[in-house]
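*Asks:* There's a structure below that I have some questions on.
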Amino acid sequence: MTSKAIIPCASALARPLAAVALALALAGCNKAPDTAASTSATPQNGGTLVYLEQQAHNALYPPNGGFYPNGGILNQITDKLTYQNPRTLEIEPWIAASWSINADATEYTFQLRPGVTFSDGTPLDADAVAANFDRFGLGDKTLKHSVSEVINNYARSEVLDPLTVKFHFRQPSPGFLQATSVIGSGLVSKATLALSLDQLGDATRIIGSGPFVVSGEVLGKEVNLQARDKYNWGPVKLAHQGRARLDAIKIIVTPEDGVRIGALLSGQAGLIRQVQAYDEKRVSEGRFPLYAASTRGVNDSLALRPDNALLADLKVRQALLHATHAKEIVQTLFSANYPQARGVLAASAAGFVDQSAELAYDAERARALLDAAGWKLQADGIRAKDGRPLALSTYESLNYVQNREVLQLVAQQWAKVGVQLNVLSGDLGSKTIDSLDPEKIALLPAMVGRADPDVIKSNYYPTNRNLLLQKGGISQKVQSFEDRKLNGLFEAIAAEPDTARRLELTRQVQRYLLAQAYVIPLFEEPQVYAGAPWLHGVDFEAVGRPSLYAAWIAPH
């Protein structure tokens with residue numbers, strides 16, 4: 001599919017790259033690469049990779065690794081108990097050499113590899129692993145450490161010997177094995193676990209066992225990573241073993257799309273995240289590889305809040321679903337790397353259901369539903385009922401690609417059936433507070449990546465992300481909306497040890513979410529990166545965060 005939004009970036013590129021160039025001070029990579037000289041198939045050791053990130057990280061508590069700037073750092077400096085192969089999605093040994101699970105998935109026992117240490121020299125043993133998962137599974141209110149959204153029904157850990165740890169669960173927890181492989185389960189030292197969330201914004205204080213360590217930071221602007229010379233415990237089945245091939249990684253926060261692209265094409269950077277669809281052609285034509293890493297989870301969607309008085313009526317929510325033209329959004333703003341959503345979950349996700357028929361764009365049906373709900377079209381083109389206009393508000397999200405443009409196009413589509421959508425921007429504080437009040441913010445963009453059926457619970461369950469804003473979650477006021485059937489399905493998915501039954505429950509919850517028109521899926525959102533031709537060995541974990549352990553720079 002050809003994007004209709006190939007927009008020249010001359011104005012962006014006209015802005016000086018001097019600020020980036022100063023930070024880039026990278027030996028051997030300050031000129032455009034000679035692609036003919038960069039085809040060596042033999043991995044090289046050494047060099048510094050400059051990686052441009054769109055946003056600054058925030059608190060690096062591992063369960064916060066779902067935020068991609070956090071994950072991009074944590075994935076280089078922490079190891080996980082297990083490794084999810086990004087191609088097969090199989091769970092393979094990493095820090096755990098082997099494991100066993102009882103029949104009802106209430107007990108998991110892991111045998112650890114010997115000799116693993118954190119970068120401060122302390123052992124990564126059973127006691128350290130137990131401390132990590134006790135924190136991730138139970139949280140700590142005093143330190144503001146939340147319970148990880150990927151861990152369900154956690155009870156306690158048990159250290160059997162220095163290299164054997166056992167975990168107990170109140171109910172079956174079939175997603176736990178996969179949960180030990182995700183970015184939110186990166187293992188950190190006890191010294192790191194002792195820090196409050198407010199202290200974890202300082203990357204230099206994060207002590208992991210990974211192939212890189214944080215060697216310096218300019219808060220909000222730059223994080224420098226250095227390879228650990230004696231690292232020797234990467235995922236067991238990886239072809240590369242031992243020390244990382246790169247000497248260092250310089251992560252520079254570069255919000256402007258045009259500056260990131262310009263730095264890459266001019267040889268000042270080796271890898272960049274968040275390549276906009278309209279820049280993809282330009283990158284490809286320059287023979288710079290694009291990496292569109294799948295996130296394999298809940299699609300980029302709009303989550304509607306039924307506690308908003310205007311959205312309490314199912315007919316109104318259904319009308320908005322059918323007034324949304326996802327195909328137009330994809331064709332206008334994106335590329336073939338962004339497939340139109342065919343359901344709540346990405347097509348590559350476990351338990352995916354093709355719901356294309358239920359998502360069909362039908363403006364006439366939308367108008368009829370709004371008529372039936374008593375919303376009458378007014379002279380200004382906006383419907384009203386009992387003197388109140390059908391006007392809704394949402395905030396754009398900087399975490400999702402071209403989100404403001406997406407929401408503005410949705411607003412144009414909804415206006416055709418008489419619904420006003422106000423797209424707001426604002427500082428993080430006001431957005432956070434307003435978003436907890438469904439009368440102020442009636443809907444929010446939402447997506448989450450994880451290669452496990454629990455991903456759908458993560459997005460909508462009250463004590464997880466709670467995008468529907470149900471009772472039982474964090475809020476500025478007591479909510480009245482609660483869907484016990486929906487929550488029961490989430491709880492059943494999280495506690496069903498039989499794989500076939502668990503996938504069927506996943507299909508049921510997808511159908512229910514659309515039957516209630518709680519969500520409006522738009523498209524599958526990958527993480528799109530671009531790299532220099534002289535950069536090799538870049539990989540991505542199962543939901544799209546870069547893994548630079550085996551990356552190397554060819555002579556150029």
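Here's how to read the names in the structure tokens: chain A, B, ... by the order shown, residue numbers from 1 in each chain, ligand numbers from 1 in the order shown.
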Contacts of Pro546 of chain A at 8 Å or less, counting only C-alpha atoms, minus same-chain residues fewer than 5 places along, as a list in words?

*Replies:*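 Counting only C-alpha atoms, the residues come to Gly72, Asn75, Val538, Asp539, Phe540 and Glu541 of chain A.
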
*Asks:* Produce a table with one row for each residue of segment 215-237 of chain A that has an atom at most 9 Å from any atom of segment 78-87 of chain A, each row naming the nearest atom pair and its distance in Å at one decimal; use only C-alpha atoms; arrange rows by chain and rising residue number; format as CSV.

*Replies:*
```
residue,atom,partner,partner_atom,distance
A:Trp233,CA,A:Asp79,CA,8.8
A:Gly234,CA,A:Asp79,CA,7.8
A:Pro235,CA,A:Tyr83,CA,6.3
A:Val236,CA,A:Tyr83,CA,8.7
```

*Asks:* Just the residues within 6 Å of Val528 of chain A, please, counting only C-alpha atoms, with nothing from its chain fewer than 4 positions along; format it as number ranges by chain.

*Replies:* A: 274-275, 291-292

*Asks:* Restricting the calculation to only C-alpha atoms: of A:Thr295, A:Gln510, A:Gln355, A:Gln402, which residue gets closest to Ala277 of chain A?

*Replies:* A:Gln402

*Asks:* Neighbours of Lys416 of chain A within 9 Å (only C-alpha atoms; same-chain residues fewer than 4 positions away dropped), as a ChimeraX atom specification?

*Replies:* /A:323,363,381,411-412

*Asks:* From the DSSP assignment of the backbone, select every residue of segment 64-294 of chain A that is helix (DSSP H, G or I), and format the answer as an mmCIF file with C-alpha atoms, in the first residue's frame.

*Replies:*
```cif
data_model
loop_
_atom_site.group_PDB
_atom_site.id
_atom_site.type_symbol
_atom_site.label_atom_id
_atom_site.label_comp_id
_atom_site.auth_asym_id
_atom_site.auth_seq_id
_atom_site.Cartn_x
_atom_site.Cartn_y
_atom_site.Cartn_z
ATOM 1 C CA ASN A 64 7.561 0.771 33.923
ATOM 2 C CA GLY A 65 9.521 -0.657 30.993
ATOM 3 C CA GLY A 66 6.396 -0.677 28.842
ATOM 4 C CA TYR A 68 9.428 2.561 25.101
ATOM 5 C CA PRO A 69 12.111 5.092 26.155
ATOM 6 C CA ASN A 70 12.369 3.219 29.474
ATOM 7 C CA GLY A 71 12.410 -0.146 27.750
ATOM 8 C CA GLY A 72 15.133 0.945 25.344
ATOM 9 C CA ILE A 73 17.459 1.485 28.308
ATOM 10 C CA LEU A 74 16.330 -1.390 30.530
ATOM 11 C CA ASN A 75 16.680 -3.904 27.716
ATOM 12 C CA GLN A 76 20.414 -3.186 27.511
ATOM 13 C CA ILE A 77 21.236 -3.082 31.234
ATOM 14 C CA ALA A 126 17.960 -17.093 44.168
ATOM 15 C CA ASP A 127 17.686 -14.520 46.949
ATOM 16 C CA ALA A 128 17.998 -11.635 44.463
ATOM 17 C CA VAL A 129 15.497 -13.183 42.051
ATOM 18 C CA ALA A 130 13.049 -13.725 44.908
ATOM 19 C CA ALA A 131 13.411 -10.091 46.000
ATOM 20 C CA ASN A 132 12.709 -8.875 42.459
ATOM 21 C CA PHE A 133 9.547 -10.871 41.964
ATOM 22 C CA ASP A 134 8.268 -10.222 45.461
ATOM 23 C CA ARG A 135 8.452 -6.548 44.542
ATOM 24 C CA PHE A 136 6.982 -6.970 41.052
ATOM 25 C CA GLY A 137 4.239 -9.285 42.312
ATOM 26 C CA LEU A 138 3.295 -7.424 45.486
ATOM 27 C CA PHE A 176 3.822 -16.158 34.623
ATOM 28 C CA LEU A 177 6.447 -18.044 32.626
ATOM 29 C CA GLN A 178 6.110 -15.600 29.739
ATOM 30 C CA ALA A 179 5.988 -12.754 32.259
ATOM 31 C CA ILE A 183 10.895 -5.959 29.725
ATOM 32 C CA GLY A 184 8.920 -5.302 32.921
ATOM 33 C CA SER A 185 10.678 -8.217 34.615
ATOM 34 C CA LYS A 190 18.562 -5.153 45.952
ATOM 35 C CA ALA A 191 20.151 -1.706 46.207
ATOM 36 C CA THR A 192 18.028 -0.593 43.265
ATOM 37 C CA LEU A 193 14.880 -2.141 44.738
ATOM 38 C CA LEU A 197 10.167 5.556 42.376
ATOM 39 C CA ASP A 198 11.177 9.227 42.559
ATOM 40 C CA GLN A 199 14.830 8.211 42.763
ATOM 41 C CA LEU A 200 14.667 5.824 39.809
ATOM 42 C CA GLY A 201 14.579 8.598 37.222
ATOM 43 C CA ALA A 203 19.562 6.052 35.250
ATOM 44 C CA THR A 204 22.970 5.878 36.909
ATOM 45 C CA ARG A 205 21.317 4.364 39.993
ATOM 46 C CA ASP A 257 11.433 13.850 13.582
ATOM 47 C CA GLY A 258 13.357 15.731 10.908
ATOM 48 C CA VAL A 259 16.461 16.045 13.082
ATOM 49 C CA ARG A 260 16.517 12.299 13.823
ATOM 50 C CA ILE A 261 16.169 11.475 10.127
ATOM 51 C CA GLY A 262 18.762 14.048 9.098
ATOM 52 C CA ALA A 263 21.264 12.780 11.662
ATOM 53 C CA LEU A 264 20.813 9.211 10.450
ATOM 54 C CA LEU A 265 21.128 10.021 6.755
ATOM 55 C CA ALA A 277 5.323 6.771 8.003
ATOM 56 C CA TYR A 278 5.831 9.803 5.778
ATOM 57 C CA ASP A 279 9.617 9.490 6.239
ATOM 58 C CA GLU A 280 9.828 5.767 5.471
ATOM 59 C CA LYS A 281 10.195 6.216 1.708
ATOM 60 C CA ARG A 282 13.010 8.700 2.114
ATOM 61 C CA VAL A 283 14.898 6.371 4.432
ATOM 62 C CA SER A 284 14.424 3.347 2.181
ATOM 63 C CA GLU A 285 15.441 5.214 -0.956
#
```
